[in-house]
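A.B. asks: Please read through the structure below; I'll follow up with questions.
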Amino acid sequence: MPEIRNWETIALSREEGGIAVLTLNRPAKRNAMNPRMNEEAAEALEVLRYDAEARVVVLTGAGEAFCGGMDIKEFLVGLKDRPDEYDRIDRLTYEWRARTLRRFPKPVIAMVNGWTFGGGVSLVESCDLAIAAEDATFGVSEINFGMFPAGPVTRSLTRLARPRDGLLHAMTGRPFDGRAAERMGLVNLAVPRASLRDETFALAREIASKDPHALRATKESFWLTQEMSHDAAQDYVSAKYHELTQRQGGSWREKGAQGFLDKAYKPGLGGKGA
């Protein structure tokens, strides 16, 4: 089993209940994503993919920031005369943020503890669930330096936020707090900063207690069917149903469905014994 370890810009740790914590660790730079962080984040996720003890991943930032977006100095400016290296890092950045997190076989929860700008917003969107501190500060400020929310950021705003809210912030660069992020749909829940960790880890433990194969099927079906026609989605979910049954060896029928028949489980009325 791979050991959880630390890198220069990424820290990994374990918590009780099958929870792994992936921390963006450049607090002096508001955890802005420089080339090294993008390389190390991709490597850390590869470690977590095969870590049997990690059933749920919590993604957060060190210090007062979640993620300040791309490191403009090291990435956009530092690599402008190195087109091949720029392309390599740009592809790697998109891969782990937009594709790996979305297709990751385990649930990922963003614990948004502070400043979240630009690419940090798309990082939150790529996680399955998100809880933010009420006073966390979000923003897409690219318009203020003559740019627009490029890369996956525009897609993140349009997929989760109400269109007029997303466009307002994209066109003005106005920041907004965690409460507004909840109203817009960027996060599931905004809570007082003092209870952020407790709320996030309570949710992570609840999810980690579920069947891992069922969780994976739920996540894959949710993400992928959004881009399918109704008929294609129905076919995909049907195939996923049979795949899950095979992976579990039919245990959901023997234990889960039988529990319903035995009245040990009442859907909508709590868990077993309700």
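Chain identifiers are assigned as A, B, and so on, following the order in which chains appear in the structure tokens; residues are numbered from 1 within each chain, and ligands are numbered from 1 in order of appearance.
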Name the residues of range 74-239 of chain A that come out as strand (DSSP E or B) in a backbone DSSP run; write them as a list in words.
C.D. replies: Val108, Ile109, Ala110, Met111, Val112, Trp115, Thr116, Phe117, Leu129, Ala130, Ile131, Ala132, Ala133, Thr137, Phe138, Gly139, Phe176, Asp177, Leu189, Ala190 and Val191 of chain A
A.B. asks: What are the nearest atom pairs, with distances in Å to one decimal, for all residues of range 25-117 of chain A that come at most 12 Å from range 209-214 of chain A, using only C-alpha atoms, set out by chain and rising residue number as JSON lines?
C.D. replies:
```
{"residue": "A:Ala52", "atom": "CA", "partner": "A:Pro212", "partner_atom": "CA", "distance": 10.4}
{"residue": "A:Glu53", "atom": "CA", "partner": "A:Pro212", "partner_atom": "CA", "distance": 11.3}
{"residue": "A:Ala54", "atom": "CA", "partner": "A:Pro212", "partner_atom": "CA", "distance": 10.5}
{"residue": "A:Arg55", "atom": "CA", "partner": "A:Pro212", "partner_atom": "CA", "distance": 7.2}
{"residue": "A:Val56", "atom": "CA", "partner": "A:Pro212", "partner_atom": "CA", "distance": 9.3}
{"residue": "A:Pro105", "atom": "CA", "partner": "A:Pro212", "partner_atom": "CA", "distance": 8.9}
{"residue": "A:Lys106", "atom": "CA", "partner": "A:Pro212", "partner_atom": "CA", "distance": 7.7}
{"residue": "A:Pro107", "atom": "CA", "partner": "A:Pro212", "partner_atom": "CA", "distance": 9.3}
```
A.B. asks: Determine the nearest neighbour of Ala28 in chain A from the options A:Glu40, A:Glu16, A:Asp71, A:Glu182, counting only C-alpha atoms.
C.D. replies: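 The shortest atom-to-atom distance to Ala28 in chain A comes from A:Asp71.
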A.B. asks: Go through A:Glu220, A:Glu85, A:Glu206, A:Glu243 one by one, measure the shortest atom-to-atom distance of each to Ile19 in chain A using only C-alpha atoms, and give the residue with the smallest value.
C.D. replies: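 Counting only C-alpha atoms, the residue closest to Ile19 in chain A is A:Glu206.
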A.B. asks: CA of Arg205 in chain A to CA of Ala180 in chain A: how many Å, to one decimal?
C.D. replies: 26.3 Å
A.B. asks: Would you pick out the contacts of range 232-240 of chain A at 10 Å or less, using only C-alpha atoms, so that residues sharing its chain but fewer than 5 positions from it are not included, and give the list as a list in words?
C.D. replies: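 Once the nearby chain positions are removed, what remains is Ala214, Ala217, Thr218, Glu220, Ser221, Phe222, Leu224, Thr225, Gln226, Glu227, Thr245 and Gln246 of chain A.
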A.B. asks: What would the file look like if the residues just selected were written as a PDB file, in the first residue's frame with N, CA, C and O atoms?
C.D. replies:
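Output file out_7.pdb follows:
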```
ATOM      1  N   ALA A 214     -20.490   1.240  -4.688  1.00  0.00           N
ATOM      2  CA  ALA A 214     -21.707   2.014  -4.950  1.00  0.00           C
ATOM      3  C   ALA A 214     -21.386   3.499  -5.064  1.00  0.00           C
ATOM      4  O   ALA A 214     -21.970   4.210  -5.889  1.00  0.00           O
ATOM      5  N   ALA A 217     -19.887   4.095  -8.527  1.00  0.00           N
ATOM      6  CA  ALA A 217     -20.922   4.054  -9.557  1.00  0.00           C
ATOM      7  C   ALA A 217     -21.788   5.305  -9.508  1.00  0.00           C
ATOM      8  O   ALA A 217     -22.177   5.846 -10.553  1.00  0.00           O
ATOM      9  N   THR A 218     -22.082   5.774  -8.314  1.00  0.00           N
ATOM     10  CA  THR A 218     -22.878   6.995  -8.164  1.00  0.00           C
ATOM     11  C   THR A 218     -22.157   8.182  -8.784  1.00  0.00           C
ATOM     12  O   THR A 218     -22.734   8.962  -9.555  1.00  0.00           O
ATOM     13  N   GLU A 220     -19.615   8.241 -11.009  1.00  0.00           N
ATOM     14  CA  GLU A 220     -19.422   8.126 -12.447  1.00  0.00           C
ATOM     15  C   GLU A 220     -20.728   8.387 -13.198  1.00  0.00           C
ATOM     16  O   GLU A 220     -20.749   9.077 -14.226  1.00  0.00           O
ATOM     17  N   SER A 221     -21.822   7.858 -12.684  1.00  0.00           N
ATOM     18  CA  SER A 221     -23.113   8.063 -13.344  1.00  0.00           C
ATOM     19  C   SER A 221     -23.526   9.527 -13.302  1.00  0.00           C
ATOM     20  O   SER A 221     -24.032  10.077 -14.281  1.00  0.00           O
ATOM     21  N   PHE A 222     -23.287  10.162 -12.174  1.00  0.00           N
ATOM     22  CA  PHE A 222     -23.682  11.564 -12.028  1.00  0.00           C
ATOM     23  C   PHE A 222     -22.923  12.457 -12.999  1.00  0.00           C
ATOM     24  O   PHE A 222     -23.507  13.273 -13.710  1.00  0.00           O
ATOM     25  N   LEU A 224     -21.005  11.653 -15.751  1.00  0.00           N
ATOM     26  CA  LEU A 224     -20.997  11.340 -17.174  1.00  0.00           C
ATOM     27  C   LEU A 224     -22.351  11.496 -17.846  1.00  0.00           C
ATOM     28  O   LEU A 224     -22.433  11.896 -19.010  1.00  0.00           O
ATOM     29  N   THR A 225     -23.430  11.196 -17.129  1.00  0.00           N
ATOM     30  CA  THR A 225     -24.732  11.279 -17.784  1.00  0.00           C
ATOM     31  C   THR A 225     -25.177  12.715 -18.030  1.00  0.00           C
ATOM     32  O   THR A 225     -26.093  12.949 -18.831  1.00  0.00           O
ATOM     33  N   GLN A 226     -24.541  13.674 -17.396  1.00  0.00           N
ATOM     34  CA  GLN A 226     -24.901  15.073 -17.634  1.00  0.00           C
ATOM     35  C   GLN A 226     -24.671  15.478 -19.085  1.00  0.00           C
ATOM     36  O   GLN A 226     -25.327  16.390 -19.594  1.00  0.00           O
ATOM     37  N   GLU A 227     -23.716  14.825 -19.738  1.00  0.00           N
ATOM     38  CA  GLU A 227     -23.371  15.190 -21.102  1.00  0.00           C
ATOM     39  C   GLU A 227     -23.989  14.238 -22.134  1.00  0.00           C
ATOM     40  O   GLU A 227     -23.641  14.286 -23.307  1.00  0.00           O
ATOM     41  N   THR A 245     -23.356  -4.642  -9.678  1.00  0.00           N
ATOM     42  CA  THR A 245     -23.811  -5.923  -9.129  1.00  0.00           C
ATOM     43  C   THR A 245     -22.707  -6.970  -9.213  1.00  0.00           C
ATOM     44  O   THR A 245     -22.494  -7.753  -8.272  1.00  0.00           O
ATOM     45  N   GLN A 246     -21.980  -6.974 -10.321  1.00  0.00           N
ATOM     46  CA  GLN A 246     -20.889  -7.931 -10.485  1.00  0.00           C
ATOM     47  C   GLN A 246     -19.734  -7.614  -9.545  1.00  0.00           C
ATOM     48  O   GLN A 246     -19.167  -8.522  -8.920  1.00  0.00           O
TER      49      GLN A 246
END
```
A.B. asks: So which residues touch Leu22 in chain A within 10 Å, counting only C-alpha atoms, skipping near sequence neighbours fewer than 5 positions away, as a list in words?
C.D. replies: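 Non-adjacent residues within range: Ile4, Asn6, Ile10, Ala11, Leu12, Ser13, Arg14, Ala41, Ala44, Leu45, Leu48, Val57, Val58, Leu59, Thr60, Gly61, Ala62, Val108 and Ala110 of chain A.
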A.B. asks: Find the distance between CA of Arg26 in chain A and CA of Ala136 in chain A and write it in Å to one decimal.
C.D. replies: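 A separation of 17.3 Å between them.
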A.B. asks: Give me every helix (DSSP H, G or I) residue in range 143-172 of chain A, going by DSSP on the backbone, as a list in words.
C.D. replies: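 Reading the DSSP output for range 143-172 of chain A, helix (DSSP H, G or I) covers Ile143, Asn144, Phe145, Val153, Thr154, Arg155, Ser156, Leu157, Thr158, Arg159, Leu160, Pro163, Arg164, Asp165, Gly166, Leu167, Leu168, His169, Ala170, Met171 and Thr172 of chain A.
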A.B. asks: Within 7 Å of Leu186 in chain A, counting only C-alpha atoms, which residues qualify if same-chain residues fewer than 3 places away don't, as an mmCIF file with all heavy atoms, in the first residue's frame?
C.D. replies:
```cif
data_model
loop_
_atom_site.group_PDB
_atom_site.id
_atom_site.type_symbol
_atom_site.label_atom_id
_atom_site.label_comp_id
_atom_site.auth_asym_id
_atom_site.auth_seq_id
_atom_site.Cartn_x
_atom_site.Cartn_y
_atom_site.Cartn_z
ATOM 1 N N GLU A 125 -15.141 23.542 -8.286
ATOM 2 C CA GLU A 125 -16.176 22.957 -9.142
ATOM 3 C C GLU A 125 -15.864 21.523 -9.518
ATOM 4 O O GLU A 125 -16.770 20.694 -9.663
ATOM 5 C CB GLU A 125 -16.323 23.822 -10.404
ATOM 6 C CG GLU A 125 -17.412 23.375 -11.351
ATOM 7 C CD GLU A 125 -16.876 22.545 -12.497
ATOM 8 O OE1 GLU A 125 -15.689 22.693 -12.838
ATOM 9 O OE2 GLU A 125 -17.632 21.740 -13.048
ATOM 10 N N LEU A 160 -22.232 25.502 -12.620
ATOM 11 C CA LEU A 160 -22.764 25.471 -11.267
ATOM 12 C C LEU A 160 -23.548 26.722 -10.885
ATOM 13 O O LEU A 160 -24.607 26.634 -10.283
ATOM 14 C CB LEU A 160 -21.623 25.269 -10.255
ATOM 15 C CG LEU A 160 -20.954 23.903 -10.253
ATOM 16 C CD1 LEU A 160 -19.919 23.840 -9.139
ATOM 17 C CD2 LEU A 160 -21.978 22.786 -10.062
ATOM 18 N N ALA A 161 -23.014 27.909 -11.215
ATOM 19 C CA ALA A 161 -23.676 29.142 -10.802
ATOM 20 C C ALA A 161 -24.851 29.466 -11.723
ATOM 21 O O ALA A 161 -24.886 29.048 -12.881
ATOM 22 C CB ALA A 161 -22.680 30.302 -10.816
ATOM 23 N N ALA A 181 -21.506 32.203 -2.385
ATOM 24 C CA ALA A 181 -21.147 31.002 -3.146
ATOM 25 C C ALA A 181 -22.177 29.905 -2.938
ATOM 26 O O ALA A 181 -22.523 29.167 -3.877
ATOM 27 C CB ALA A 181 -19.762 30.516 -2.741
ATOM 28 N N GLU A 182 -22.718 29.801 -1.722
ATOM 29 C CA GLU A 182 -23.778 28.815 -1.464
ATOM 30 C C GLU A 182 -25.051 29.194 -2.215
ATOM 31 O O GLU A 182 -25.686 28.340 -2.848
ATOM 32 C CB GLU A 182 -24.070 28.731 0.033
ATOM 33 C CG GLU A 182 -25.166 27.741 0.377
ATOM 34 C CD GLU A 182 -25.542 27.729 1.847
ATOM 35 O OE1 GLU A 182 -24.964 28.518 2.627
ATOM 36 O OE2 GLU A 182 -26.427 26.933 2.209
#
```
A.B. asks: Rounded to one decimal, what separation in Å do you get between CA of Arg36 in chain A and CA of Gly114 in chain A?
C.D. replies: 21.7 Å
A.B. asks: When distances are computed from only C-alpha atoms, which of A:Thr9, A:Asn25, A:Ser156, A:Asn144 shows the smallest separation from Cys127 in chain A?
C.D. replies: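 So, comparing all the options, the nearest one is A:Ser156.
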A.B. asks: Quick one: residues within 7 Å of Ser122 in chain A, only C-alpha atoms, excluding same-chain residues fewer than 4 positions away - as a list in words?
C.D. replies: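 Here the answer would be Ser126, Pro152, Val153 and Ser156 of chain A.
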A.B. asks: For those residues, write all heavy atoms to a file as a PDB file, in the first residue's frame.
C.D. replies:
```pdb
ATOM      1  N   SER A 126     -14.590  21.191  -9.674  1.00  0.00           N
ATOM      2  CA  SER A 126     -14.214  19.838 -10.088  1.00  0.00           C
ATOM      3  C   SER A 126     -14.342  18.819  -8.968  1.00  0.00           C
ATOM      4  O   SER A 126     -14.359  17.617  -9.229  1.00  0.00           O
ATOM      5  CB  SER A 126     -12.779  19.830 -10.636  1.00  0.00           C
ATOM      6  OG  SER A 126     -12.720  20.506 -11.869  1.00  0.00           O
ATOM      7  N   PRO A 152     -10.650  26.340 -17.691  1.00  0.00           N
ATOM      8  CA  PRO A 152     -11.928  25.732 -17.294  1.00  0.00           C
ATOM      9  C   PRO A 152     -12.797  26.638 -16.427  1.00  0.00           C
ATOM     10  O   PRO A 152     -13.870  26.231 -16.013  1.00  0.00           O
ATOM     11  CB  PRO A 152     -11.467  24.503 -16.502  1.00  0.00           C
ATOM     12  CG  PRO A 152     -10.177  24.936 -15.884  1.00  0.00           C
ATOM     13  CD  PRO A 152      -9.524  25.839 -16.902  1.00  0.00           C
ATOM     14  N   VAL A 153     -12.337  27.882 -16.149  1.00  0.00           N
ATOM     15  CA  VAL A 153     -13.047  28.723 -15.178  1.00  0.00           C
ATOM     16  C   VAL A 153     -14.430  29.119 -15.686  1.00  0.00           C
ATOM     17  O   VAL A 153     -15.421  29.053 -14.951  1.00  0.00           O
ATOM     18  CB  VAL A 153     -12.218  29.964 -14.820  1.00  0.00           C
ATOM     19  CG1 VAL A 153     -12.948  30.790 -13.759  1.00  0.00           C
ATOM     20  CG2 VAL A 153     -10.838  29.565 -14.307  1.00  0.00           C
ATOM     21  N   SER A 156     -16.733  26.315 -15.360  1.00  0.00           N
ATOM     22  CA  SER A 156     -17.083  26.072 -13.957  1.00  0.00           C
ATOM     23  C   SER A 156     -18.204  26.995 -13.519  1.00  0.00           C
ATOM     24  O   SER A 156     -19.145  26.582 -12.826  1.00  0.00           O
ATOM     25  CB  SER A 156     -15.853  26.281 -13.073  1.00  0.00           C
ATOM     26  OG  SER A 156     -14.836  25.354 -13.395  1.00  0.00           O
TER      27      SER A 156
END
```
